[in-house]
Structure formats: C-alpha cells, structure tokens
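Data from entry-v6.cif: mmCIF, C-alpha atoms and all ligand atoms
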data_my_file
#
loop_
_atom_site.group_PDB
_atom_site.id
_atom_site.type_symbol
_atom_site.label_atom_id
_atom_site.label_comp_id
_atom_site.auth_asym_id
_atom_site.auth_seq_id
_atom_site.Cartn_x
_atom_site.Cartn_y
_atom_site.Cartn_z
ATOM 1 C CA MET S 1 80.383 173.888 -119.863
ATOM 2 C CA ASN S 2 83.695 172.297 -120.779
ATOM 3 C CA PHE S 3 83.524 168.775 -119.390
ATOM 4 C CA THR S 4 87.156 168.023 -120.261
ATOM 5 C CA THR S 5 88.529 170.665 -117.904
ATOM 6 C CA ARG S 6 85.721 170.312 -115.379
ATOM 7 C CA PHE S 7 86.143 166.569 -114.725
ATOM 8 C CA ARG S 8 89.872 166.032 -115.310
ATOM 9 C CA VAL S 9 91.820 164.941 -112.250
ATOM 10 C CA PRO S 10 94.746 167.373 -112.014
ATOM 11 C CA PRO S 11 98.146 165.636 -111.905
ATOM 12 C CA GLY S 12 100.109 165.666 -108.693
ATOM 13 C CA HIS S 13 97.289 166.338 -106.249
ATOM 14 C CA GLY S 14 95.437 164.270 -103.681
ATOM 15 C CA LEU S 15 91.889 163.354 -104.611
ATOM 16 C CA SER S 16 88.790 163.228 -102.425
ATOM 17 C CA LEU S 17 85.829 161.613 -104.152
ATOM 18 C CA ALA S 18 83.522 162.905 -101.432
ATOM 19 C CA ARG S 19 84.107 166.340 -102.923
ATOM 20 C CA HIS S 20 82.841 165.158 -106.322
ATOM 21 C CA ARG S 21 79.061 164.954 -106.456
ATOM 22 C CA THR S 22 77.697 161.820 -108.064
ATOM 23 C CA ASP S 23 74.463 163.552 -109.074
ATOM 24 C CA ALA S 24 75.952 166.736 -110.560
ATOM 25 C CA THR S 25 74.814 167.731 -114.055
ATOM 26 C CA PRO S 26 76.693 171.009 -114.587
ATOM 27 C CA GLY S 27 75.495 173.078 -117.512
ATOM 28 C CA VAL S 28 72.811 170.582 -118.496
ATOM 29 C CA SER S 29 69.191 171.357 -117.644
ATOM 30 C CA GLY S 30 67.880 167.816 -117.927
ATOM 31 C CA LYS S 31 67.377 164.673 -119.953
ATOM 32 C CA THR S 32 66.237 166.407 -123.135
ATOM 33 C CA GLU S 33 69.242 168.674 -123.365
ATOM 34 C CA ALA S 34 71.594 165.807 -122.484
ATOM 35 C CA ARG S 35 70.145 163.694 -125.279
ATOM 36 C CA GLN S 36 70.740 166.518 -127.754
ATOM 37 C CA LEU S 37 74.312 166.883 -126.537
ATOM 38 C CA LEU S 38 74.859 163.153 -126.880
ATOM 39 C CA ARG S 39 73.400 163.137 -130.399
ATOM 40 C CA ARG S 40 75.804 165.897 -131.403
ATOM 41 C CA GLY S 41 78.672 164.033 -129.698
ATOM 42 C CA VAL S 42 77.883 160.826 -131.569
ATOM 43 C CA GLU S 43 77.978 162.677 -134.917
ATOM 44 C CA ARG S 44 81.162 164.471 -133.987
ATOM 45 C CA LEU S 45 82.831 161.237 -132.927
ATOM 46 C CA ALA S 46 81.854 159.497 -136.186
ATOM 47 C CA ASP S 47 83.519 162.290 -138.125
ATOM 48 C CA LEU S 48 86.649 162.410 -135.946
ATOM 49 C CA GLN S 49 87.010 158.635 -135.967
ATOM 50 C CA GLU S 50 87.011 158.611 -139.762
ATOM 51 C CA LYS S 51 89.890 161.095 -139.781
ATOM 52 C CA LEU S 52 91.744 159.175 -137.071
ATOM 53 C CA TYR S 53 91.453 156.051 -139.204
ATOM 54 C CA ALA S 54 92.411 157.727 -142.476
ATOM 55 C CA GLN S 55 95.401 159.475 -140.946
ATOM 56 C CA ASP S 56 96.601 156.209 -139.396
ATOM 57 C CA ARG S 57 99.015 157.866 -136.992
ATOM 58 C CA TRP S 58 97.348 157.850 -133.591
ATOM 59 C CA ALA S 59 95.458 155.282 -131.575
ATOM 60 C CA LEU S 60 93.093 156.068 -128.743
ATOM 61 C CA LEU S 61 92.748 153.865 -125.668
ATOM 62 C CA VAL S 62 89.690 154.604 -123.542
ATOM 63 C CA ILE S 63 89.545 152.905 -120.153
ATOM 64 C CA PHE S 64 86.358 152.623 -118.103
ATOM 65 C CA GLN S 65 86.485 151.853 -114.405
ATOM 66 C CA ALA S 66 83.686 152.049 -111.869
ATOM 67 C CA MET S 67 81.804 150.353 -109.095
ATOM 68 C CA ASP S 68 79.289 147.764 -110.264
ATOM 69 C CA ALA S 69 76.193 149.078 -111.998
ATOM 70 C CA ALA S 70 77.678 152.535 -112.546
ATOM 71 C CA GLY S 71 76.800 152.277 -116.231
ATOM 72 C CA LYS S 72 80.023 151.349 -118.038
ATOM 73 C CA ASP S 73 78.286 149.068 -120.516
ATOM 74 C CA SER S 74 75.480 151.419 -121.417
ATOM 75 C CA THR S 75 77.826 154.407 -121.673
ATOM 76 C CA ILE S 76 80.013 152.492 -124.128
ATOM 77 C CA LYS S 77 76.945 151.404 -126.091
ATOM 78 C CA HIS S 78 75.545 154.921 -126.440
ATOM 79 C CA VAL S 79 78.732 156.922 -126.897
ATOM 80 C CA MET S 80 80.118 154.582 -129.561
ATOM 81 C CA SER S 81 76.804 154.070 -131.349
ATOM 82 C CA GLY S 82 77.751 156.148 -134.411
ATOM 83 C CA VAL S 83 81.265 154.819 -134.890
ATOM 84 C CA ASN S 84 82.211 152.522 -137.761
ATOM 85 C CA PRO S 85 82.667 149.098 -136.091
ATOM 86 C CA GLN S 86 85.828 148.559 -138.155
ATOM 87 C CA GLY S 87 87.508 151.457 -136.388
ATOM 88 C CA CYS S 88 86.720 150.422 -132.859
ATOM 89 C CA GLN S 89 87.403 147.452 -130.563
ATOM 90 C CA VAL S 90 85.857 146.771 -127.155
ATOM 91 C CA PHE S 91 87.427 144.426 -124.590
ATOM 92 C CA SER S 92 86.008 143.537 -121.168
ATOM 93 C CA PHE S 93 88.408 142.349 -118.523
ATOM 94 C CA LYS S 94 87.184 139.896 -115.901
ATOM 95 C CA ALA S 95 89.137 138.037 -113.219
ATOM 96 C CA PRO S 96 92.309 136.766 -114.934
ATOM 97 C CA SER S 97 92.428 133.277 -116.419
ATOM 98 C CA LYS S 98 95.092 130.686 -115.654
ATOM 99 C CA GLU S 99 96.971 131.640 -118.795
ATOM 100 C CA GLU S 100 96.780 135.341 -117.935
ATOM 101 C CA LEU S 101 98.092 134.653 -114.431
ATOM 102 C CA ASP S 102 101.140 133.043 -116.020
ATOM 103 C CA HIS S 103 102.106 136.462 -117.392
ATOM 104 C CA ASP S 104 102.710 139.863 -115.892
ATOM 105 C CA TYR S 105 99.556 141.856 -115.180
ATOM 106 C CA LEU S 106 99.911 144.194 -118.169
ATOM 107 C CA TRP S 107 100.162 141.356 -120.685
ATOM 108 C CA ARG S 108 96.498 140.839 -121.457
ATOM 109 C CA SER S 109 95.985 144.575 -121.882
ATOM 110 C CA VAL S 110 98.949 144.898 -124.217
ATOM 111 C CA ARG S 111 97.439 142.174 -126.398
ATOM 112 C CA ALA S 112 94.229 144.152 -126.574
ATOM 113 C CA LEU S 113 95.741 147.559 -127.383
ATOM 114 C CA PRO S 114 94.232 149.402 -130.353
ATOM 115 C CA GLU S 115 96.177 149.552 -133.591
ATOM 116 C CA ARG S 116 97.094 152.907 -135.069
ATOM 117 C CA GLY S 117 94.006 154.611 -136.448
ATOM 118 C CA ARG S 118 91.656 152.771 -134.068
ATOM 119 C CA ILE S 119 89.788 153.411 -130.875
ATOM 120 C CA GLY S 120 90.191 150.714 -128.222
ATOM 121 C CA ILE S 121 87.693 150.578 -125.385
ATOM 122 C CA HIS S 122 88.742 148.690 -122.282
ATOM 123 C CA ASN S 123 85.846 147.891 -119.968
ATOM 124 C CA ARG S 124 87.909 147.472 -116.787
ATOM 125 C CA SER S 125 91.662 147.254 -117.179
ATOM 126 C CA TYR S 126 95.048 146.804 -115.503
ATOM 127 C CA TYR S 127 93.759 149.299 -112.932
ATOM 128 C CA GLU S 128 91.912 146.358 -111.328
ATOM 129 C CA GLU S 129 95.404 145.358 -110.175
ATOM 130 C CA VAL S 130 95.490 148.344 -107.815
ATOM 131 C CA LEU S 131 91.738 148.328 -107.055
ATOM 132 C CA VAL S 132 90.055 144.937 -106.536
ATOM 133 C CA VAL S 133 93.442 143.345 -105.829
ATOM 134 C CA ARG S 134 94.252 146.034 -103.288
ATOM 135 C CA VAL S 135 90.871 145.634 -101.594
ATOM 136 C CA HIS S 136 91.346 141.832 -101.586
ATOM 137 C CA PRO S 137 95.141 141.393 -101.326
ATOM 138 C CA GLU S 138 94.727 137.590 -101.050
ATOM 139 C CA LEU S 139 94.273 137.729 -104.858
ATOM 140 C CA LEU S 140 98.009 138.359 -105.033
ATOM 141 C CA ASP S 141 98.562 134.773 -103.874
ATOM 142 C CA HIS S 142 97.513 133.549 -107.330
ATOM 143 C CA GLN S 143 100.055 135.780 -109.021
ATOM 144 C CA ARG S 144 103.175 133.987 -107.773
ATOM 145 C CA LEU S 145 105.171 137.218 -107.687
ATOM 146 C CA PRO S 146 108.843 137.207 -106.757
ATOM 147 C CA GLY S 147 110.205 139.369 -103.976
ATOM 148 C CA THR S 148 108.473 141.286 -101.265
ATOM 149 C CA ARG S 149 104.984 142.747 -101.325
ATOM 150 C CA ARG S 150 106.119 145.778 -99.420
ATOM 151 C CA GLY S 151 105.411 148.944 -101.357
ATOM 152 C CA ILE S 152 103.659 146.975 -104.096
ATOM 153 C CA TRP S 153 100.916 149.564 -104.755
ATOM 154 C CA ARG S 154 103.379 152.452 -105.093
ATOM 155 C CA ARG S 155 105.432 150.259 -107.400
ATOM 156 C CA ARG S 156 102.422 149.372 -109.514
ATOM 157 C CA PHE S 157 101.431 153.041 -109.785
ATOM 158 C CA ARG S 158 104.898 153.764 -111.120
ATOM 159 C CA GLU S 159 104.753 150.833 -113.516
ATOM 160 C CA ILE S 160 101.397 152.007 -114.829
ATOM 161 C CA ARG S 161 102.634 155.593 -115.234
ATOM 162 C CA ASP S 162 105.691 154.323 -117.109
ATOM 163 C CA PHE S 163 103.555 152.078 -119.315
ATOM 164 C CA GLU S 164 101.155 154.885 -120.182
ATOM 165 C CA ARG S 165 104.052 157.216 -120.849
ATOM 166 C CA HIS S 166 105.444 154.649 -123.252
ATOM 167 C CA LEU S 167 102.067 154.423 -124.996
ATOM 168 C CA ALA S 168 101.768 158.206 -125.283
ATOM 169 C CA ASP S 169 105.306 158.544 -126.669
ATOM 170 C CA ASN S 170 104.495 155.965 -129.314
ATOM 171 C CA GLY S 171 101.206 157.349 -130.552
ATOM 172 C CA THR S 172 98.522 155.941 -128.251
ATOM 173 C CA ARG S 173 96.524 158.562 -126.386
ATOM 174 C CA VAL S 174 95.082 157.175 -123.151
ATOM 175 C CA LEU S 175 91.889 158.444 -121.508
ATOM 176 C CA LYS S 176 90.598 157.013 -118.266
ATOM 177 C CA PHE S 177 87.069 157.399 -116.966
ATOM 178 C CA PHE S 178 85.842 156.757 -113.466
ATOM 179 C CA LEU S 179 82.042 156.693 -113.521
ATOM 180 C CA HIS S 180 81.207 158.038 -110.098
ATOM 181 C CA VAL S 181 77.967 156.535 -108.779
ATOM 182 C CA SER S 182 76.627 156.793 -105.228
ATOM 183 C CA ARG S 183 76.089 153.802 -102.980
ATOM 184 C CA GLU S 184 72.354 154.595 -102.827
ATOM 185 C CA GLU S 185 72.021 154.751 -106.608
ATOM 186 C CA GLN S 186 73.879 151.448 -106.912
ATOM 187 C CA LYS S 187 71.388 149.863 -104.522
ATOM 188 C CA ARG S 188 68.497 151.220 -106.592
ATOM 189 C CA ARG S 189 70.009 149.762 -109.768
ATOM 190 C CA PHE S 190 70.642 146.366 -108.166
ATOM 191 C CA LEU S 191 67.006 146.267 -107.013
ATOM 192 C CA ASP S 192 65.960 147.208 -110.525
ATOM 193 C CA ARG S 193 68.010 144.305 -111.912
ATOM 194 C CA LEU S 194 66.079 141.978 -109.624
ATOM 195 C CA ASN S 195 62.782 142.959 -111.237
ATOM 196 C CA GLY S 196 62.925 140.680 -114.226
ATOM 197 C CA PRO S 197 64.937 138.793 -116.823
ATOM 198 C CA GLU S 198 65.750 141.855 -118.967
ATOM 199 C CA LYS S 199 68.193 143.124 -116.340
ATOM 200 C CA GLY S 200 68.325 140.134 -113.987
ATOM 201 C CA TRP S 201 70.985 138.391 -116.044
ATOM 202 C CA LYS S 202 73.368 141.193 -115.063
ATOM 203 C CA PHE S 203 72.926 140.492 -111.378
ATOM 204 C CA SER S 204 75.393 138.505 -109.333
ATOM 205 C CA PRO S 205 74.971 137.915 -105.578
ATOM 206 C CA ASP S 206 78.684 138.696 -105.219
ATOM 207 C CA ASP S 207 77.926 142.275 -106.235
ATOM 208 C CA VAL S 208 75.886 142.773 -103.050
ATOM 209 C CA HIS S 209 78.682 141.290 -100.939
ATOM 210 C CA GLU S 210 81.193 143.645 -102.564
ATOM 211 C CA ARG S 211 79.189 146.641 -101.268
ATOM 212 C CA ASP S 212 80.617 145.874 -97.817
ATOM 213 C CA PHE S 213 83.961 147.031 -99.178
ATOM 214 C CA TRP S 214 82.630 150.289 -100.621
ATOM 215 C CA ASN S 215 84.894 152.558 -98.577
ATOM 216 C CA ASP S 216 87.971 150.458 -99.309
ATOM 217 C CA TYR S 217 87.229 150.753 -103.016
ATOM 218 C CA ILE S 218 86.733 154.505 -102.761
ATOM 219 C CA HIS S 219 90.061 154.826 -101.018
ATOM 220 C CA ALA S 220 91.795 152.611 -103.590
ATOM 221 C CA TYR S 221 90.298 154.641 -106.446
ATOM 222 C CA GLU S 222 91.339 157.938 -104.871
ATOM 223 C CA ASP S 223 94.882 156.760 -104.403
ATOM 224 C CA ALA S 224 95.184 155.186 -107.848
ATOM 225 C CA MET S 225 93.738 158.156 -109.704
ATOM 226 C CA ALA S 226 95.801 160.695 -107.792
ATOM 227 C CA ALA S 227 98.964 158.721 -108.575
ATOM 228 C CA THR S 228 98.284 158.049 -112.248
ATOM 229 C CA SER S 229 96.451 161.064 -113.648
ATOM 230 C CA THR S 230 99.045 162.633 -115.927
ATOM 231 C CA ALA S 231 98.985 165.160 -118.761
ATOM 232 C CA GLY S 232 99.467 162.344 -121.286
ATOM 233 C CA ALA S 233 96.982 159.947 -119.693
ATOM 234 C CA PRO S 234 94.431 161.856 -117.627
ATOM 235 C CA TRP S 235 91.676 160.503 -115.385
ATOM 236 C CA PHE S 236 88.176 161.949 -115.519
ATOM 237 C CA VAL S 237 85.733 161.602 -112.633
ATOM 238 C CA VAL S 238 82.313 161.747 -114.267
ATOM 239 C CA PRO S 239 79.120 161.929 -112.183
ATOM 240 C CA ALA S 240 77.135 158.754 -112.842
ATOM 241 C CA ASP S 241 73.869 158.930 -110.874
ATOM 242 C CA ASN S 242 72.176 160.233 -114.034
ATOM 243 C CA LYS S 243 73.057 158.039 -116.976
ATOM 244 C CA TRP S 244 71.941 160.654 -119.497
ATOM 245 C CA PHE S 245 74.461 163.081 -118.095
ATOM 246 C CA THR S 246 77.306 160.538 -117.968
ATOM 247 C CA ARG S 247 76.884 159.675 -121.654
ATOM 248 C CA ALA S 248 76.835 163.298 -122.820
ATOM 249 C CA ALA S 249 79.917 164.178 -120.775
ATOM 250 C CA VAL S 250 81.973 161.113 -121.781
ATOM 251 C CA SER S 251 81.089 161.640 -125.435
ATOM 252 C CA GLU S 252 82.332 165.227 -125.378
ATOM 253 C CA ILE S 253 85.537 164.390 -123.520
ATOM 254 C CA ILE S 254 86.450 161.664 -126.025
ATOM 255 C CA CYS S 255 85.761 163.990 -128.957
ATOM 256 C CA ASP S 256 87.849 166.785 -127.428
ATOM 257 C CA ALA S 257 90.759 164.382 -126.976
ATOM 258 C CA ILE S 258 90.732 163.198 -130.593
ATOM 259 C CA GLU S 259 90.380 166.752 -131.845
ATOM 260 C CA ASP S 260 93.315 167.692 -129.674
ATOM 261 C CA LEU S 261 95.467 165.216 -131.611
ATOM 262 C CA GLY S 262 94.904 167.367 -134.687
ATOM 263 C CA VAL S 263 93.489 164.506 -136.756
ATOM 264 C CA LYS S 264 92.865 165.291 -140.405
ATOM 265 C CA PHE S 265 92.566 163.486 -143.713
ATOM 266 C CA PRO S 266 96.053 162.929 -145.153
ATOM 267 C CA GLU S 267 97.280 165.460 -147.723
ATOM 268 C CA VAL S 268 97.216 164.257 -151.295
ATOM 269 C CA PRO S 269 100.676 164.686 -152.867
ATOM 270 C CA ALA S 270 100.963 166.261 -156.333
ATOM 271 C CA ARG S 271 102.018 162.957 -157.890
ATOM 272 C CA THR S 272 98.918 161.200 -156.579
ATOM 273 C CA ARG S 273 96.768 164.041 -157.935
ATOM 274 C CA ALA S 274 98.314 163.496 -161.349
ATOM 275 C CA GLU S 275 97.514 159.766 -161.085
ATOM 276 C CA TRP S 276 93.940 160.586 -160.148
ATOM 277 C CA LYS S 277 93.643 162.852 -163.172
ATOM 278 C CA GLN S 278 94.917 160.067 -165.385
ATOM 279 C CA ALA S 279 92.507 157.545 -163.818
ATOM 280 C CA ARG S 280 89.588 159.940 -164.267
ATOM 281 C CA THR S 281 90.417 160.337 -167.945
ATOM 282 C CA THR S 282 90.644 156.556 -168.402
ATOM 283 C CA LEU S 283 87.294 156.011 -166.655
ATOM 284 C CA MET S 284 85.564 158.705 -168.691
ATOM 285 C CA LYS S 285 86.829 157.217 -171.914
ATOM 286 C CA GLU S 286 85.304 153.818 -171.058
ATOM 287 C CA ARG S 287 82.248 152.899 -173.052
HETATM 288 P P1 LIG Y 1 78.660 145.031 -114.425
HETATM 289 O O1 LIG Y 1 78.908 146.438 -113.972
HETATM 290 O O2 LIG Y 1 77.560 144.949 -115.427
HETATM 291 O O3 LIG Y 1 78.501 144.079 -113.276
HETATM 292 P P2 LIG Y 1 81.381 144.128 -114.707
HETATM 293 O O4 LIG Y 1 82.427 144.884 -115.424
HETATM 294 O O5 LIG Y 1 81.384 144.221 -113.217
HETATM 295 O O6 LIG Y 1 79.964 144.570 -115.241
HETATM 296 P P3 LIG Y 1 81.498 141.344 -114.257
HETATM 297 O O7 LIG Y 1 81.545 140.146 -115.126
HETATM 298 O O8 LIG Y 1 80.402 141.477 -113.263
HETATM 299 O O9 LIG Y 1 81.533 142.647 -115.167
HETATM 300 O O10 LIG Y 1 82.825 141.460 -113.390
HETATM 301 C C1 LIG Y 1 84.103 141.464 -113.756
HETATM 302 C C2 LIG Y 1 84.851 141.204 -112.451
HETATM 303 O O11 LIG Y 1 86.189 140.876 -112.748
HETATM 304 C C3 LIG Y 1 84.872 142.400 -111.530
HETATM 305 O O12 LIG Y 1 84.409 142.037 -110.248
HETATM 306 C C4 LIG Y 1 86.352 142.778 -111.463
HETATM 307 O O13 LIG Y 1 86.733 143.287 -110.213
HETATM 308 C C5 LIG Y 1 86.993 141.448 -111.773
HETATM 309 N N1 LIG Y 1 88.355 141.651 -112.291
HETATM 310 C C6 LIG Y 1 88.744 142.317 -113.393
HETATM 311 N N2 LIG Y 1 90.093 142.348 -113.506
HETATM 312 C C7 LIG Y 1 90.570 141.685 -112.440
HETATM 313 C C8 LIG Y 1 91.875 141.388 -111.969
HETATM 314 N N3 LIG Y 1 92.947 141.781 -112.643
HETATM 315 N N4 LIG Y 1 91.996 140.671 -110.853
HETATM 316 C C9 LIG Y 1 90.904 140.269 -110.165
HETATM 317 N N5 LIG Y 1 89.652 140.523 -110.543
HETATM 318 C C10 LIG Y 1 89.468 141.224 -111.665
HETATM 319 MG MG MG Y 2 79.909 143.098 -112.061
#
What do you get writing this file as structure tokens?
Ligand code: ATP
Ligand code: MG
Amino acid sequence: MNFTTRFRVPPGHGLSLARHRTDATPGVSGKTEARQLLRRGVERLADLQEKLYAQDRWALLVIFQAMDAAGKDSTIKHVMSGVNPQGCQVFSFKAPSKEELDHDYLWRSVRALPERGRIGIHNRSYYEEVLVVRVHPELLDHQRLPGTRRGIWRRRFREIRDFERHLADNGTRVLKFFLHVSREEQKRRFLDRLNGPEKGWKFSPDDVHERDFWNDYIHAYEDAMAATSTAGAPWFVVPADNKWFTRAAVSEIICDAIEDLGVKFPEVPARTRAEWKQARTTLMKER
C-alpha cells in the first residue's frame, strides 16, 4: 500500500470527508503490523534526516491539523522519535497573543519556519485562520483588518497558496496532514481523558462545547483542503480512529517526501580528498 498516493488530496477537486473513512487501515492487518511499519519508518526517517541536514539545501515543513483529540501530539511524538533533536523543531500554535495580533496572520508561522537542512513540525498553523476563525468569524474582530470582509476566505486561500508556492520555490517542502477522526471516537477519547490525571490535564471543557460546531469544522476543512492542496504543498487525509495506523501512515508519507527531494550526503571534491589524505598522514605520524 502506498500511503502517499492513497491519502493525498488531488489538486483542483472538491473534497468530501464523508467519503474518507476514519477507521480505514488499508494494507495493514492490525496493531502488530502497524508497529513494525512504524519502527521501519522511524529508522528510515533518522537516515533521511541525516542526509537532509548534511546536504543543507532543503527544509521540510510538516503541518498537523485536526479536530481535538485526533492524536496530533502522539503522532508527532512517535513519528519523530528516532530523529536527532538538533535537526528538528516543533511549534504548537494556540490562539494568537496580543503581539501576534499586531501582525499579519502568517507572521508567527514565518518566524517558526525551519532552516535549511531541518524538519519543522507545526502543530496547528496558519490554517486555523480559515478553520476556527471561519467557524467563529467574531474572532476576526480582534484582527483589526482593513477593508471589507467579503470574500475573505477565498482571499486567504489564495494568500496561503501563494505563500506555500514561495516556500516551495525557495527550498522548503510543505506537507500538510489532516488527522481524520470520527465524532464518536473523539467522544470516547474525551471520556478517557476524564478518567484520571494522566490524561485529564489535556481536557478542557471548551473542547466539549466545540463539538457543537463539528459540521461547520468539517465543511471548513473540506473547503480549505480542496483550495490549498497543490503539487508543491499537498494535503493528506489520514484516518485517525486507530492511532497505530495513523502513525505508520504519517511516518511513511514524510519519508517518501524527503526521499523525493533526492537528499544525499554532499560529494567530496578532489581538493578536500587531498586535504583528508594529508590530515590522515599527520594524525598517523603523531606519537
Ligand atoms: P489537543 O488536541 O491535545 O487539545 P490542541 O492543539 O487543541 O491540542 P489546545 O491548547 O487545546 O491544543 O488548543 C489550541 C487552540 O488554539 C485550538 O482551539 C485552536 O483552534 C486555537 N487556535 C490556534 N490558532 C488560532 C488562531 N489563529 N486563531 C484562533 N484560535 C487559534
Ligand atoms: Mg485542544
């Protein structure tokens, strides 16, 4: 099963999330096989990340979006578990601060972009600006925008496409994951969080309230993903009712994308080889 082609949202088409099963596990028989796949993915990513870093040409930006409790945090934790911490940065984006609201909505993301050679993980992102803000348009009041709000979502889709195009043209590959969880599974996970302190700290009563807007969110996600899934910055809708499956699939898709960049250790020029030879001789002569 090739998860990259299976879960990629094709550019230029409408998207219906109802047609994407949240509990699908294509090509994977169960937990045991998924764990093996993930283990292989973690090793593969460690190796690819080292080359990405050594080559110092490309950066990778990986965006995670989802409903609450879909498993963003634990997916990041597991998929990135083998990667050298020096080559990877994780940022979580919450409701914008006063300072952030004094800038345009891309500003805080730009400041958190990965440097060349690195992998940047954004746990939520500027997509919130066409998701939570679209579901609760009163949030726009804090943004003190000039001009009319008419056509604002279309305009933001265009701005995001342009921004991601700019990133791609300048060496940052962008991957975007929507972890697709069902409303029933979310309820189960919320109830699980209420069982004790280990998970209880993750619970916020607002999360339950937000469930009332489930369909609005689904619609906003469909629209946003259909408008912004491009060849250079594709969206992937990954089934998220089974966390073991989500992790295996995300891991493989990230690896495929880095491999696709053709990362390799930089060639050693003849002059450097000569210097190495000289250094080796000097070291061997030491006593
Ligand atoms: P979990 O899934 O564990 O709950 P989380 O990513 O939801 O993790 P929280 O601290 O619960 O983390 O929530 C972050 C909140 O910040 C989300 O409700 C999100 O919608 C909100 N948020 C993020 N970016 C923006 C934005 N630009 N404008 C308004 N709200 C935002
Ligand atoms: Mg939350």
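Nearest to Trp58 in chain S of all the residues S:Asp260, S:Asp192, S:Glu198, S:Glu210 is S:Asp260, counting all atoms listed in the file.
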For this session: Between S:Leu61, S:Met67, S:Val83, S:Val28, single out the one closest to ligand LIG 1 (chain Y), counting all atoms listed in the file.
Result: S:Met67
For this session: Collect all residues with atoms no farther than 10 Å from ligand MG 2 (chain Y), counting only C-alpha atoms and all ligand atoms, and output them as a count of residues only.
Result: 14
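Compared by their closest atoms to Phe157 in chain S, and using all atoms listed in the file, the residues S:Gln86, S:Ser229, S:Asn195, S:Ser97 rank with S:Ser229 nearest.
Atom pair CA of Met225 in chain S / CA of Ile258 in chain S has a distance of 21.7 Å (rounded to one decimal).
If you measure from each of S:Gln186, S:Asp47, S:Asp104, S:Arg35 to Pro146 in chain S using all atoms listed in the file, the closest one turns out to be S:Asp104.
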All file atoms of ligand LIG 1 (chain Y) boxed axis-aligned, 8 Å per side, centre plus edges, as lines of an AutoDock Vina configuration file:
center_x = 85.3
center_y = 143.3
center_z = -112.8
size_x = 31.4
size_y = 22.3
size_z = 21.3
For this session: Quote the spacing between CA of Thr172 in chain S and CA of Tyr127 in chain S in Å to one decimal place.
Result: 17.4 Å
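Atom to atom, CA of Val90 in chain S and CA of Leu113 in chain S stand 9.9 Å apart.
Ranking S:Glu138, S:Glu43, S:Glu33, S:Asp56 by their shortest atom-to-atom distance to ligand LIG 1 (chain Y), with all atoms listed in the file included, puts S:Glu138 first.
Comparing the minimum interatomic distances between ligand LIG 1 (chain Y) and each of S:Glu50, S:Glu100, S:Asp216, S:Asp23, counting all atoms listed in the file, we find that S:Glu100 sits nearest.
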Complete the atoms of range 89-103 of chain S to N, CA and C atoms and put them out as a CSV table (one decimal), keeping the file's coordinate frame.
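What ended up in result-v1.csv:
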chain,number,residue,atom,x,y,z
S,89,GLN,N,87.4,148.8,-131.2
S,89,GLN,CA,87.4,147.5,-130.6
S,89,GLN,C,87.1,147.6,-129.1
S,90,VAL,N,86.2,146.7,-128.6
S,90,VAL,CA,85.9,146.8,-127.2
S,90,VAL,C,86.3,145.5,-126.5
S,91,PHE,N,87.0,145.6,-125.4
S,91,PHE,CA,87.4,144.4,-124.6
S,91,PHE,C,86.9,144.6,-123.2
S,92,SER,N,86.4,143.5,-122.6
S,92,SER,CA,86.0,143.5,-121.2
S,92,SER,C,86.9,142.6,-120.4
S,93,PHE,N,87.5,143.1,-119.3
S,93,PHE,CA,88.4,142.3,-118.5
S,93,PHE,C,87.8,141.9,-117.2
S,94,LYS,N,87.7,140.5,-117.1
S,94,LYS,CA,87.2,139.9,-115.9
S,94,LYS,C,88.4,139.4,-115.1
S,95,ALA,N,88.1,138.6,-114.0
S,95,ALA,CA,89.1,138.0,-113.2
S,95,ALA,C,90.1,137.3,-114.2
S,96,PRO,N,91.4,137.4,-114.0
S,96,PRO,CA,92.3,136.8,-114.9
S,96,PRO,C,92.2,135.2,-115.0
S,97,SER,N,92.4,134.7,-116.2
S,97,SER,CA,92.4,133.3,-116.4
S,97,SER,C,93.8,132.7,-116.0
S,98,LYS,N,93.9,131.4,-116.0
S,98,LYS,CA,95.1,130.7,-115.7
S,98,LYS,C,96.2,131.1,-116.6
S,99,GLU,N,95.9,131.2,-117.8
S,99,GLU,CA,97.0,131.6,-118.8
S,99,GLU,C,97.4,133.1,-118.5
S,100,GLU,N,96.4,133.9,-118.2
S,100,GLU,CA,96.8,135.3,-117.9
S,100,GLU,C,97.6,135.5,-116.7
S,101,LEU,N,97.3,134.6,-115.7
S,101,LEU,CA,98.1,134.7,-114.4
S,101,LEU,C,99.5,134.2,-114.6
S,102,ASP,N,99.8,133.5,-115.7
S,102,ASP,CA,101.1,133.0,-116.0
S,102,ASP,C,102.0,134.2,-116.6
S,103,HIS,N,101.4,135.3,-116.8
S,103,HIS,CA,102.1,136.5,-117.4
S,103,HIS,C,102.0,137.6,-116.4
